[in-house]
$ cat upload-v9.cif   # mmCIF, C-alpha atoms
data_data
loop_
_atom_site.label_atom_id
_atom_site.label_comp_id
_atom_site.auth_asym_id
_atom_site.auth_seq_id
_atom_site.Cartn_x
_atom_site.Cartn_y
_atom_site.Cartn_z
CA MET A 1 -16.38 -17.98 4.75
CA GLN A 2 -19.41 -17.22 6.90
CA PHE A 3 -22.07 -18.70 4.58
CA ASP A 4 -22.78 -22.34 3.75
CA SER A 5 -24.29 -21.74 0.30
CA TRP A 6 -24.86 -19.13 -2.37
CA SER A 7 -28.52 -18.87 -1.43
CA ALA A 8 -27.56 -18.17 2.20
CA PHE A 9 -25.12 -15.53 0.96
CA ILE A 10 -27.85 -13.86 -1.13
CA ALA A 11 -30.37 -14.07 1.71
CA MET A 12 -27.99 -12.39 4.24
CA GLY A 13 -29.91 -13.92 7.15
CA GLY A 14 -33.16 -12.33 5.94
CA TYR A 15 -31.61 -8.87 5.49
CA GLY A 16 -30.69 -9.45 1.83
CA VAL A 17 -32.85 -6.63 0.44
CA TYR A 18 -31.27 -4.05 2.76
CA VAL A 19 -27.65 -5.20 2.50
CA TRP A 20 -27.65 -5.68 -1.27
CA SER A 21 -29.50 -2.45 -2.05
CA ALA A 22 -26.95 -0.53 0.07
CA PHE A 23 -24.03 -2.06 -1.85
CA PHE A 24 -25.80 -1.78 -5.21
CA VAL A 25 -26.57 1.93 -4.81
CA THR A 26 -23.00 2.64 -3.65
CA PHE A 27 -21.48 0.93 -6.70
CA LEU A 28 -24.06 2.52 -9.01
CA CYS A 29 -23.17 6.01 -7.74
CA PHE A 30 -19.43 5.48 -8.23
CA GLY A 31 -20.05 3.90 -11.64
CA ILE A 32 -22.13 6.86 -12.82
CA LEU A 33 -19.49 9.36 -11.63
CA ALA A 34 -16.71 7.42 -13.38
CA LEU A 35 -18.62 7.04 -16.64
CA GLU A 36 -19.58 10.73 -16.58
CA ALA A 37 -15.91 11.73 -16.17
CA VAL A 38 -14.78 9.53 -19.09
CA TRP A 39 -17.70 10.67 -21.26
CA ARG A 40 -16.90 14.33 -20.53
CA ARG A 41 -13.25 13.83 -21.48
CA ASN A 42 -14.29 12.34 -24.84
CA LYS A 43 -16.65 15.29 -25.44
CA ILE A 44 -13.85 17.79 -24.74
CA ARG A 45 -11.56 15.93 -27.13
CA GLU A 46 -14.14 15.86 -29.92
CA GLU A 47 -14.92 19.55 -29.46
CA ALA A 48 -11.20 20.45 -29.54
CA GLN A 49 -10.72 18.48 -32.74
CA ARG A 50 -13.68 20.19 -34.36
CA GLN A 51 -12.26 23.59 -33.48
CA GLN A 52 -8.77 22.66 -34.66
CA ALA A 53 -10.12 21.42 -38.00
CA ARG A 54 -12.19 24.59 -38.36
CA SER A 55 -9.25 26.93 -37.72
CA GLU A 56 -7.16 24.94 -40.20
CA ARG A 57 -9.89 25.28 -42.82
CA ILE A 58 -10.03 29.04 -42.21
CA GLN A 59 -6.24 29.35 -42.48
CA LYS A 60 -6.26 27.41 -45.72
CA ALA A 61 -9.05 29.51 -47.21
CA LYS A 62 -7.18 32.69 -46.25
CA ARG A 63 -4.01 31.47 -47.95
CA GLU A 64 -5.89 30.54 -51.12
CA SER A 65 -7.82 33.79 -51.34
CA SER A 66 -4.66 35.91 -50.86
CA THR A 67 -2.79 34.25 -53.74
CA MET B 68 3.73 27.52 1.76
CA TRP B 69 3.70 30.04 -1.07
CA ARG B 70 6.75 28.58 -2.78
CA TRP B 71 5.25 25.12 -2.53
CA LEU B 72 1.82 26.16 -3.70
CA HIS B 73 2.68 28.67 -6.37
CA PRO B 74 3.70 26.33 -9.24
CA TYR B 75 0.30 24.64 -9.08
CA ALA B 76 -1.49 27.92 -9.75
CA LYS B 77 -0.43 27.13 -13.31
CA SER B 78 -3.00 24.78 -14.70
CA GLU B 79 -0.59 22.68 -16.75
CA ALA B 80 1.51 21.94 -13.65
CA THR B 81 -1.60 20.82 -11.76
CA PHE B 82 -2.71 18.73 -14.73
CA ALA B 83 0.68 16.99 -14.96
CA LEU B 84 0.71 16.31 -11.20
CA ASN B 85 -2.84 14.92 -11.40
CA GLN B 86 -1.95 12.63 -14.30
CA LYS B 87 0.93 11.26 -12.23
CA LEU B 88 -1.24 10.83 -9.12
CA LEU B 89 -4.25 9.25 -10.82
CA PRO B 90 -2.96 5.64 -11.10
CA TRP B 91 -1.83 5.80 -7.44
CA PHE B 92 -5.43 6.44 -6.46
CA LEU B 93 -7.22 4.34 -9.06
CA ILE B 94 -5.31 1.03 -8.87
CA PRO B 95 -5.07 0.70 -5.05
CA GLY B 96 -8.68 1.94 -4.90
CA LEU B 97 -9.96 -0.81 -7.19
CA VAL B 98 -7.86 -3.56 -5.57
CA LEU B 99 -8.81 -2.53 -2.02
CA THR B 100 -12.49 -2.26 -2.99
CA ILE B 101 -12.53 -5.84 -4.29
CA VAL B 102 -10.66 -7.12 -1.22
CA GLY B 103 -12.68 -5.05 1.24
CA VAL B 104 -16.12 -5.80 -0.17
CA ILE B 105 -15.55 -9.57 -0.41
CA TRP B 106 -13.95 -9.61 3.04
CA GLY B 107 -16.78 -7.58 4.54
CA LEU B 108 -19.64 -9.41 2.85
CA ALA B 109 -18.44 -13.00 3.03
CA TYR B 110 -15.64 -13.43 5.57
CA ALA B 111 -16.24 -10.99 8.42
CA PRO B 112 -18.22 -12.63 11.23
CA PRO B 113 -21.91 -11.69 11.71
CA ASP B 114 -22.80 -9.27 14.51
CA TYR B 115 -24.11 -10.91 17.67
CA GLN B 116 -27.06 -8.47 17.85
CA GLN B 117 -27.66 -7.30 14.29
CA GLY B 118 -26.83 -10.54 12.44
CA GLU B 119 -25.92 -10.06 8.80
CA SER B 120 -27.59 -6.64 8.47
CA TYR B 121 -24.57 -4.94 10.04
CA ARG B 122 -22.59 -5.61 6.81
CA ILE B 123 -24.03 -2.32 5.53
CA ILE B 124 -21.36 -0.76 7.78
CA PHE B 125 -18.74 -1.52 5.10
CA VAL B 126 -20.24 1.10 2.77
CA HIS B 127 -22.03 3.29 5.32
CA VAL B 128 -19.10 4.27 7.53
CA PRO B 129 -16.59 4.91 4.69
CA SER B 130 -19.06 7.12 2.79
CA ALA B 131 -20.02 8.99 5.98
CA ILE B 132 -16.39 9.58 7.00
CA TRP B 133 -15.37 10.82 3.56
CA SER B 134 -18.49 12.91 3.08
CA MET B 135 -17.01 14.98 5.93
CA GLY B 136 -13.37 14.55 4.93
CA PHE B 137 -14.00 15.70 1.36
CA TYR B 138 -16.02 18.63 2.68
CA VAL B 139 -13.00 19.79 4.70
CA SER B 140 -10.72 19.39 1.68
CA MET B 141 -13.23 21.39 -0.40
CA ALA B 142 -13.25 24.14 2.23
CA ILE B 143 -9.42 24.21 2.22
CA ALA B 144 -9.53 24.62 -1.57
CA GLY B 145 -12.02 27.46 -1.04
CA LEU B 146 -9.72 29.10 1.52
CA ILE B 147 -6.76 28.91 -0.87
CA ALA B 148 -8.93 30.32 -3.66
CA LEU B 149 -10.04 33.24 -1.47
CA VAL B 150 -6.69 34.09 0.14
CA TRP B 151 -4.31 33.62 -2.80
CA GLN B 152 -6.79 34.15 -5.64
CA ILE B 153 -5.73 30.91 -7.30
CA ARG B 154 -8.24 29.84 -9.92
CA THR B 155 -7.03 26.23 -9.92
CA ALA B 156 -8.19 26.03 -6.29
CA GLU B 157 -11.65 27.22 -7.36
CA LEU B 158 -11.73 24.47 -9.96
CA ALA B 159 -10.68 21.96 -7.30
CA LEU B 160 -13.60 23.10 -5.17
CA LEU B 161 -15.91 22.62 -8.15
CA ALA B 162 -14.43 19.15 -8.78
CA ILE B 163 -14.79 18.00 -5.15
CA ALA B 164 -18.36 19.21 -4.54
CA PRO B 165 -20.30 16.68 -6.69
CA VAL B 166 -18.18 13.75 -5.45
CA GLY B 167 -18.74 14.85 -1.84
CA ALA B 168 -22.46 15.26 -2.47
CA VAL B 169 -22.64 11.71 -3.83
CA LEU B 170 -20.73 10.39 -0.79
CA THR B 171 -23.21 12.18 1.48
CA PHE B 172 -26.13 10.75 -0.47
CA ILE B 173 -24.63 7.23 -0.18
CA SER B 174 -24.24 7.63 3.59
CA LEU B 175 -27.88 8.78 3.91
CA PHE B 176 -29.22 6.02 1.66
CA THR B 177 -27.23 3.20 3.28
CA GLY B 178 -28.19 4.63 6.68
CA ALA B 179 -31.88 4.47 5.71
CA VAL B 180 -31.73 0.84 4.56
CA TRP B 181 -29.85 0.02 7.76
CA GLY B 182 -32.29 1.98 9.92
CA GLN B 183 -35.38 0.25 8.55
CA PRO B 184 -34.53 -3.28 9.76
CA MET B 185 -32.72 -2.16 12.97
CA TRP B 186 -34.72 0.87 14.20
CA GLY B 187 -37.97 0.14 12.35
CA THR B 188 -37.81 3.41 10.44
CA TRP B 189 -36.13 4.71 7.31
CA TRP B 190 -35.66 8.19 8.72
CA VAL B 191 -35.92 10.17 11.94
CA TRP B 192 -35.38 13.91 12.37
CA ASP B 193 -32.71 13.49 15.00
CA ALA B 194 -29.45 15.38 15.31
CA ARG B 195 -27.12 13.03 13.42
CA LEU B 196 -29.39 12.38 10.46
CA THR B 197 -30.54 15.99 10.15
CA SER B 198 -27.02 17.45 10.33
CA GLN B 199 -25.89 14.97 7.67
CA LEU B 200 -28.82 16.06 5.48
CA ILE B 201 -27.66 19.68 5.96
CA LEU B 202 -24.22 18.57 4.74
CA LEU B 203 -25.85 17.36 1.52
CA PHE B 204 -27.60 20.73 1.13
CA LEU B 205 -24.28 22.54 1.75
CA TYR B 206 -22.66 20.57 -1.07
CA LEU B 207 -25.60 21.30 -3.38
CA GLY B 208 -25.50 24.96 -2.30
CA VAL B 209 -21.80 25.23 -3.16
CA MET B 210 -22.46 23.70 -6.59
CA ALA B 211 -25.46 25.97 -7.23
CA LEU B 212 -23.71 29.17 -6.06
CA TYR B 213 -20.77 28.47 -8.35
CA VAL B 214 -22.95 28.67 -11.44
CA ALA B 215 -25.45 31.25 -10.11
CA PHE B 216 -23.41 34.30 -11.15
CA GLU B 217 -22.93 35.89 -14.53
CA ASP B 218 -19.25 36.38 -13.65
CA GLU B 219 -17.60 33.04 -12.96
CA ARG B 220 -15.00 34.45 -10.56
CA ALA B 221 -17.80 35.94 -8.45
CA GLY B 222 -19.47 32.54 -8.38
CA GLY B 223 -16.23 30.87 -7.36
CA LYS B 224 -15.78 33.38 -4.54
CA ALA B 225 -19.33 32.95 -3.25
CA ALA B 226 -19.06 29.16 -3.38
CA SER B 227 -15.73 29.32 -1.50
CA ILE B 228 -17.27 31.45 1.25
CA LEU B 229 -20.23 29.08 1.64
CA ALA B 230 -17.85 26.10 1.75
CA LEU B 231 -15.83 27.79 4.53
CA VAL B 232 -18.85 28.83 6.59
CA GLY B 233 -20.30 25.33 6.25
CA VAL B 234 -17.27 23.77 8.00
CA ILE B 235 -19.07 24.56 11.28
CA ASN B 236 -21.41 21.67 10.41
CA ILE B 237 -18.59 19.09 10.47
CA PRO B 238 -17.98 19.08 14.26
CA ILE B 239 -21.75 19.31 14.75
CA ILE B 240 -22.20 16.08 12.74
CA HIS B 241 -19.41 14.32 14.60
CA TYR B 242 -20.47 15.35 18.12
CA SER B 243 -24.24 15.20 17.45
CA VAL B 244 -24.38 11.67 18.87
CA TYR B 245 -22.84 12.92 22.14
CA TRP B 246 -24.60 16.28 22.48
CA TRP B 247 -28.15 15.13 21.78
CA ASN B 248 -30.23 12.03 22.34
CA THR B 249 -30.34 10.19 19.08
CA LEU B 250 -31.21 6.81 17.63
CA HIS B 251 -27.83 6.75 15.92
CA GLN B 252 -25.13 4.84 17.75
CA GLN B 253 -22.05 6.65 19.00
CA SER B 254 -18.71 6.87 17.24
CA THR B 255 -16.97 3.53 16.70
CA ILE B 256 -13.58 4.37 15.23
CA THR B 257 -13.22 8.14 14.69
CA LYS B 258 -13.23 8.53 18.47
CA VAL B 259 -9.69 7.13 18.33
CA ILE B 260 -8.74 10.56 17.01
CA THR B 261 -11.32 12.83 18.62
CA ARG B 262 -11.69 11.26 22.07
CA PHE B 263 -8.51 9.18 22.40
CA GLU B 264 -10.56 6.04 23.04
CA SER B 265 -9.89 2.63 21.55
CA PRO B 266 -12.26 1.47 18.79
CA SER B 267 -15.35 -0.40 20.00
CA ILE B 268 -15.43 -3.02 17.27
CA ALA B 269 -13.95 -6.52 17.04
CA PRO B 270 -10.72 -6.67 15.02
CA GLU B 271 -12.29 -9.21 12.61
CA MET B 272 -14.72 -6.44 11.64
CA LEU B 273 -12.36 -3.48 12.08
CA TRP B 274 -9.80 -4.65 9.52
CA PRO B 275 -12.19 -5.08 6.58
CA LEU B 276 -13.78 -1.77 7.59
CA LEU B 277 -10.41 0.00 7.46
CA VAL B 278 -9.73 -1.56 4.05
CA ASN B 279 -13.07 -0.24 2.79
CA ILE B 280 -12.43 3.21 4.26
CA PHE B 281 -9.12 3.49 2.41
CA ALA B 282 -10.65 2.00 -0.76
CA MET B 283 -13.43 4.58 -0.84
CA MET B 284 -11.01 7.43 -0.20
CA ALA B 285 -8.82 6.29 -3.09
CA LEU B 286 -11.71 5.83 -5.52
CA ALA B 287 -13.44 9.09 -4.62
CA GLY B 288 -10.05 10.83 -4.84
CA ALA B 289 -9.52 9.36 -8.31
CA LEU B 290 -12.92 10.74 -9.37
CA VAL B 291 -11.99 14.20 -8.07
CA ILE B 292 -8.69 14.06 -9.99
CA MET B 293 -10.50 13.03 -13.19
CA ARG B 294 -13.07 15.81 -12.82
CA LEU B 295 -10.45 18.47 -12.07
CA ASN B 296 -8.36 17.46 -15.09
CA ASN B 297 -11.43 17.54 -17.33
CA GLU B 298 -12.23 21.03 -16.12
CA LEU B 299 -8.61 22.21 -16.62
CA LEU B 300 -8.59 20.84 -20.16
CA ARG B 301 -11.99 22.27 -21.01
CA ARG B 302 -11.04 25.79 -19.93
CA GLU B 303 -7.66 25.84 -21.62
CA VAL B 304 -8.61 23.93 -24.74
CA HIS B 305 -7.10 26.64 -26.97
CA ARG B 306 -3.72 26.60 -25.27
CA PRO B 307 -0.91 24.51 -26.76
CA TRP B 308 -0.36 22.28 -23.70
CA ALA B 309 -4.01 21.20 -23.66
CA GLN B 310 -4.09 20.61 -27.42
CA ALA B 311 -0.91 18.54 -27.22
CA ILE B 312 -2.45 16.33 -24.53
CA LEU B 313 -5.74 15.93 -26.41
CA ASN B 314 -3.95 15.04 -29.65
CA GLN B 315 -1.79 12.56 -27.77
CA GLU B 316 -4.90 10.94 -26.24
CA LYS B 317 -6.56 10.75 -29.65
CA LYS B 318 -3.54 8.88 -31.03
CA GLU B 319 -3.56 6.46 -28.09
CA ASN B 320 -7.27 5.80 -28.59
CA GLN B 321 -6.77 5.08 -32.28
CA ASN B 322 -3.93 2.68 -31.52
CA ALA B 323 -6.11 0.90 -28.95
CA VAL B 324 -8.90 0.43 -31.50
#
$ encode --input "upload-v9.cif" --output "structure tokens"
Amino acid sequence: MQFDSWSAFIAMGGYGVYVWSAFFVTFLCFGILALEAVWRRNKIREEAQRQQARSERIQKAKRESST
Amino acid sequence: MWRWLHPYAKSEATFALNQKLLPWFLIPGLVLTIVGVIWGLAYAPPDYQQGESYRIIFVHVPSAIWSMGFYVSMAIAGLIALVWQIRTAELALLAIAPVGAVLTFISLFTGAVWGQPMWGTWWVWDARLTSQLILLFLYLGVMALYVAFEDERAGGKAASILALVGVINIPIIHYSVYWWNTLHQQSTITKVITRFESPSIAPEMLWPLLVNIFAMMALAGALVIMRLNNELLRREVHRPWAQAILNQEKKENQNAV
């Protein structure tokens, strides 16, 4: 461990703003990309279910109208 | 080559391979990130000239290296798409581009917040910084060209060509610090490969840096895999294999809740 205390760790020898903003932005970017990918997958799944339900409804209506 | 590549022209084969690969990228990526970041921030020794500010290296160098590495992989996908007319390769290109653009942005941002305390400026128009900015524009250009055409295949072709032409920028970025006078320091570790020189960094700093380099490759690779699989599913949502996977996922989600 290179730092004596938490406050020294946060201060980064006076360069805290630069070091922490670099790490923060990096993690933020990866976090946004990951969340976007998961969110997109859920959207695709919802859309597919809507379409499946719709085609089932149409099939059912066709069957009922033909009998 | 053809026999090896051909099965993955089928989207379901690529999807299955990706699903198998994903945990091998995601889990080591997360573990190595935790190890590498803590090691780099808390345990690596301070630099004798730059003090603690040099710790930005642990995100700056990995993002800069992979901004170029992912560009090359994107161009290879473009080449495969152009030569063999494989649509999955076009989708791979489309999946890599935003991740590569974000890596390039990270390298520019972390470079700026490193430049301010060390050089006294956020930005200079010198060869290294400018060529890296051009790399960001190339990524954005590839993404824009892909969607700029009415016909999607035409867009994929145009984006592939731009990706291939843009490869010329990669050696320019790497050698910019040797060819021109620049504020940016010279290569520290990639010269092991390109100039056969030993790395000019103490091993106490080199090891956490290597951990972070591999961590970022694994995590960015996982993001590319996730994006490519989303795109494959979205395009083939009416086909049975995609519907089976989506229904399966829905069941798993319900069981989890």
$ closest_residue --input "upload-v9.cif" --among "B:Ala211, B:Ile153, B:His127, B:Leu161" --to "Ser174 in chain B" --atoms "only C-alpha atoms"
B:His127
$ resolve_selection --input "upload-v9.cif" --expression "the PyMOL selection byres ((chain A) within 10 of (chain B))" --output "ChimeraX atom specification"
/A:1-3,9,11-27,29-30,33-38,40-49,51-52
$ atom_distance --input "upload-v9.cif" --atom1 "CA of Leu229 in chain B" --atom2 "CA of Ser243 in chain B"
21.4 Å
$ resolve_selection --input "upload-v9.cif" --expression "the PyMOL selection byres ((chain B and resi 100) around 9)" --output "PDB file with C-alpha atoms, keeping the file's coordinate frame"
ATOM      1  CA  PRO B  95      -5.070   0.700  -5.050  1.00  0.00           C
ATOM      2  CA  GLY B  96      -8.680   1.940  -4.900  1.00  0.00           C
ATOM      3  CA  LEU B  97      -9.960  -0.810  -7.190  1.00  0.00           C
ATOM      4  CA  VAL B  98      -7.860  -3.560  -5.570  1.00  0.00           C
ATOM      5  CA  LEU B  99      -8.810  -2.530  -2.020  1.00  0.00           C
ATOM      6  CA  ILE B 101     -12.530  -5.840  -4.290  1.00  0.00           C
ATOM      7  CA  VAL B 102     -10.660  -7.120  -1.220  1.00  0.00           C
ATOM      8  CA  GLY B 103     -12.680  -5.050   1.240  1.00  0.00           C
ATOM      9  CA  VAL B 104     -16.120  -5.800  -0.170  1.00  0.00           C
ATOM     10  CA  ILE B 105     -15.550  -9.570  -0.410  1.00  0.00           C
ATOM     11  CA  VAL B 278      -9.730  -1.560   4.050  1.00  0.00           C
ATOM     12  CA  ASN B 279     -13.070  -0.240   2.790  1.00  0.00           C
ATOM     13  CA  PHE B 281      -9.120   3.490   2.410  1.00  0.00           C
ATOM     14  CA  ALA B 282     -10.650   2.000  -0.760  1.00  0.00           C
ATOM     15  CA  MET B 283     -13.430   4.580  -0.840  1.00  0.00           C
ATOM     16  CA  LEU B 286     -11.710   5.830  -5.520  1.00  0.00           C
TER      17      LEU B 286
END
$ axis_aligned_box --input "upload-v9.cif" --around "range 124-136 of chain B" --padding-each-side "6 Å" --output "JSON"
{"center_x": -17.7, "center_y": 6.7, "center_z": 5.3, "size_x": 20.7, "size_y": 28.5, "size_z": 17.0}
$ atom_distance --input "upload-v9.cif" --atom1 "CA of Ala131 in chain B" --atom2 "CA of Leu89 in chain B"
23.0 Å
$ atom_distance --input "upload-v9.cif" --atom1 "CA of Met284 in chain B" --atom2 "CA of Trp133 in chain B"
6.7 Å
$ resolve_selection --input "upload-v9.cif" --expression "the PyMOL selection byres ((chain B and resi 203) around 12)" --output "PyMOL selection string"
chain B and resi 131+134-135+137-138+164-176+196-202+204-210+230+233+236-237+240
$ residues_around --input "upload-v9.cif" --residues "Ala142 in chain B" --least-positions-apart "3" --cutoff "6 Å" --atoms "only C-alpha atoms" --output "ChimeraX atom specification"
/B:139,145,230-231
$ build_atoms --input "upload-v9.cif" --residues "range 306-316 of chain B" --atoms "all heavy atoms" --output "PDB file, in the frame of the given file"
ATOM      1  N   ARG B 306      -5.145  26.421 -25.532  1.00  0.00           N
ATOM      2  CA  ARG B 306      -3.720  26.600 -25.270  1.00  0.00           C
ATOM      3  C   ARG B 306      -2.942  25.380 -25.739  1.00  0.00           C
ATOM      4  O   ARG B 306      -3.452  24.258 -25.740  1.00  0.00           O
ATOM      5  CB  ARG B 306      -3.484  26.885 -23.787  1.00  0.00           C
ATOM      6  CG  ARG B 306      -4.083  28.243 -23.408  1.00  0.00           C
ATOM      7  CD  ARG B 306      -3.652  28.694 -22.053  1.00  0.00           C
ATOM      8  NE  ARG B 306      -2.226  28.499 -21.838  1.00  0.00           N
ATOM      9  CZ  ARG B 306      -1.695  28.374 -20.638  1.00  0.00           C
ATOM     10  NH1 ARG B 306      -2.460  28.410 -19.564  1.00  0.00           N
ATOM     11  NH2 ARG B 306      -0.409  28.215 -20.501  1.00  0.00           N
ATOM     12  N   PRO B 307      -1.688  25.602 -26.144  1.00  0.00           N
ATOM     13  CA  PRO B 307      -0.910  24.510 -26.760  1.00  0.00           C
ATOM     14  C   PRO B 307      -0.785  23.273 -25.879  1.00  0.00           C
ATOM     15  O   PRO B 307      -0.871  22.147 -26.384  1.00  0.00           O
ATOM     16  CB  PRO B 307       0.464  25.144 -27.010  1.00  0.00           C
ATOM     17  CG  PRO B 307       0.227  26.614 -27.006  1.00  0.00           C
ATOM     18  CD  PRO B 307      -0.970  26.885 -26.176  1.00  0.00           C
ATOM     19  N   TRP B 308      -0.586  23.465 -24.549  1.00  0.00           N
ATOM     20  CA  TRP B 308      -0.360  22.280 -23.700  1.00  0.00           C
ATOM     21  C   TRP B 308      -1.589  21.377 -23.703  1.00  0.00           C
ATOM     22  O   TRP B 308      -1.469  20.149 -23.770  1.00  0.00           O
ATOM     23  CB  TRP B 308       0.034  22.678 -22.280  1.00  0.00           C
ATOM     24  CG  TRP B 308      -1.084  23.241 -21.432  1.00  0.00           C
ATOM     25  CD1 TRP B 308      -1.390  24.556 -21.261  1.00  0.00           C
ATOM     26  CD2 TRP B 308      -2.025  22.507 -20.640  1.00  0.00           C
ATOM     27  NE1 TRP B 308      -2.465  24.694 -20.432  1.00  0.00           N
ATOM     28  CE2 TRP B 308      -2.876  23.457 -20.025  1.00  0.00           C
ATOM     29  CE3 TRP B 308      -2.237  21.154 -20.381  1.00  0.00           C
ATOM     30  CZ2 TRP B 308      -3.915  23.090 -19.176  1.00  0.00           C
ATOM     31  CZ3 TRP B 308      -3.272  20.799 -19.529  1.00  0.00           C
ATOM     32  CH2 TRP B 308      -4.102  21.750 -18.943  1.00  0.00           C
ATOM     33  N   ALA B 309      -2.785  21.999 -23.684  1.00  0.00           N
ATOM     34  CA  ALA B 309      -4.010  21.200 -23.660  1.00  0.00           C
ATOM     35  C   ALA B 309      -4.206  20.500 -25.002  1.00  0.00           C
ATOM     36  O   ALA B 309      -4.595  19.324 -25.057  1.00  0.00           O
ATOM     37  CB  ALA B 309      -5.210  22.092 -23.344  1.00  0.00           C
ATOM     38  N   GLN B 310      -3.914  21.221 -26.098  1.00  0.00           N
ATOM     39  CA  GLN B 310      -4.090  20.610 -27.420  1.00  0.00           C
ATOM     40  C   GLN B 310      -3.113  19.455 -27.614  1.00  0.00           C
ATOM     41  O   GLN B 310      -3.471  18.426 -28.193  1.00  0.00           O
ATOM     42  CB  GLN B 310      -3.912  21.682 -28.489  1.00  0.00           C
ATOM     43  CG  GLN B 310      -5.118  22.598 -28.530  1.00  0.00           C
ATOM     44  CD  GLN B 310      -5.048  23.662 -29.603  1.00  0.00           C
ATOM     45  OE1 GLN B 310      -3.979  23.902 -30.149  1.00  0.00           O
ATOM     46  NE2 GLN B 310      -6.169  24.286 -29.869  1.00  0.00           N
ATOM     47  N   ALA B 311      -1.881  19.629 -27.099  1.00  0.00           N
ATOM     48  CA  ALA B 311      -0.910  18.540 -27.220  1.00  0.00           C
ATOM     49  C   ALA B 311      -1.403  17.295 -26.494  1.00  0.00           C
ATOM     50  O   ALA B 311      -1.309  16.176 -27.008  1.00  0.00           O
ATOM     51  CB  ALA B 311       0.441  18.990 -26.640  1.00  0.00           C
ATOM     52  N   ILE B 312      -1.970  17.484 -25.302  1.00  0.00           N
ATOM     53  CA  ILE B 312      -2.450  16.330 -24.530  1.00  0.00           C
ATOM     54  C   ILE B 312      -3.639  15.672 -25.222  1.00  0.00           C
ATOM     55  O   ILE B 312      -3.718  14.445 -25.324  1.00  0.00           O
ATOM     56  CB  ILE B 312      -2.805  16.777 -23.093  1.00  0.00           C
ATOM     57  CG1 ILE B 312      -1.518  16.910 -22.277  1.00  0.00           C
ATOM     58  CG2 ILE B 312      -3.744  15.783 -22.421  1.00  0.00           C
ATOM     59  CD1 ILE B 312      -1.635  17.773 -21.076  1.00  0.00           C
ATOM     60  N   LEU B 313      -4.556  16.493 -25.743  1.00  0.00           N
ATOM     61  CA  LEU B 313      -5.740  15.930 -26.410  1.00  0.00           C
ATOM     62  C   LEU B 313      -5.352  15.178 -27.680  1.00  0.00           C
ATOM     63  O   LEU B 313      -5.891  14.105 -27.973  1.00  0.00           O
ATOM     64  CB  LEU B 313      -6.740  17.046 -26.718  1.00  0.00           C
ATOM     65  CG  LEU B 313      -7.446  17.620 -25.489  1.00  0.00           C
ATOM     66  CD1 LEU B 313      -8.208  18.887 -25.834  1.00  0.00           C
ATOM     67  CD2 LEU B 313      -8.395  16.597 -24.891  1.00  0.00           C
ATOM     68  N   ASN B 314      -4.398  15.735 -28.441  1.00  0.00           N
ATOM     69  CA  ASN B 314      -3.950  15.040 -29.650  1.00  0.00           C
ATOM     70  C   ASN B 314      -3.273  13.717 -29.308  1.00  0.00           C
ATOM     71  O   ASN B 314      -3.480  12.696 -29.969  1.00  0.00           O
ATOM     72  CB  ASN B 314      -2.998  15.926 -30.454  1.00  0.00           C
ATOM     73  CG  ASN B 314      -3.746  17.052 -31.149  1.00  0.00           C
ATOM     74  OD1 ASN B 314      -4.936  16.930 -31.407  1.00  0.00           O
ATOM     75  ND2 ASN B 314      -3.042  18.135 -31.421  1.00  0.00           N
ATOM     76  N   GLN B 315      -2.460  13.768 -28.240  1.00  0.00           N
ATOM     77  CA  GLN B 315      -1.790  12.560 -27.770  1.00  0.00           C
ATOM     78  C   GLN B 315      -2.810  11.485 -27.390  1.00  0.00           C
ATOM     79  O   GLN B 315      -2.686  10.318 -27.783  1.00  0.00           O
ATOM     80  CB  GLN B 315      -0.923  12.928 -26.551  1.00  0.00           C
ATOM     81  CG  GLN B 315      -0.274  11.768 -25.827  1.00  0.00           C
ATOM     82  CD  GLN B 315       0.921  11.246 -26.593  1.00  0.00           C
ATOM     83  OE1 GLN B 315       1.516  11.993 -27.381  1.00  0.00           O
ATOM     84  NE2 GLN B 315       1.276   9.999 -26.377  1.00  0.00           N
ATOM     85  N   GLU B 316      -3.860  11.893 -26.658  1.00  0.00           N
ATOM     86  CA  GLU B 316      -4.900  10.940 -26.240  1.00  0.00           C
ATOM     87  C   GLU B 316      -5.632  10.362 -27.441  1.00  0.00           C
ATOM     88  O   GLU B 316      -5.986   9.197 -27.472  1.00  0.00           O
ATOM     89  CB  GLU B 316      -5.903  11.640 -25.320  1.00  0.00           C
ATOM     90  CG  GLU B 316      -5.432  11.713 -23.892  1.00  0.00           C
ATOM     91  CD  GLU B 316      -6.463  12.347 -22.983  1.00  0.00           C
ATOM     92  OE1 GLU B 316      -7.594  12.607 -23.436  1.00  0.00           O
ATOM     93  OE2 GLU B 316      -6.129  12.603 -21.823  1.00  0.00           O
TER      94      GLU B 316
END
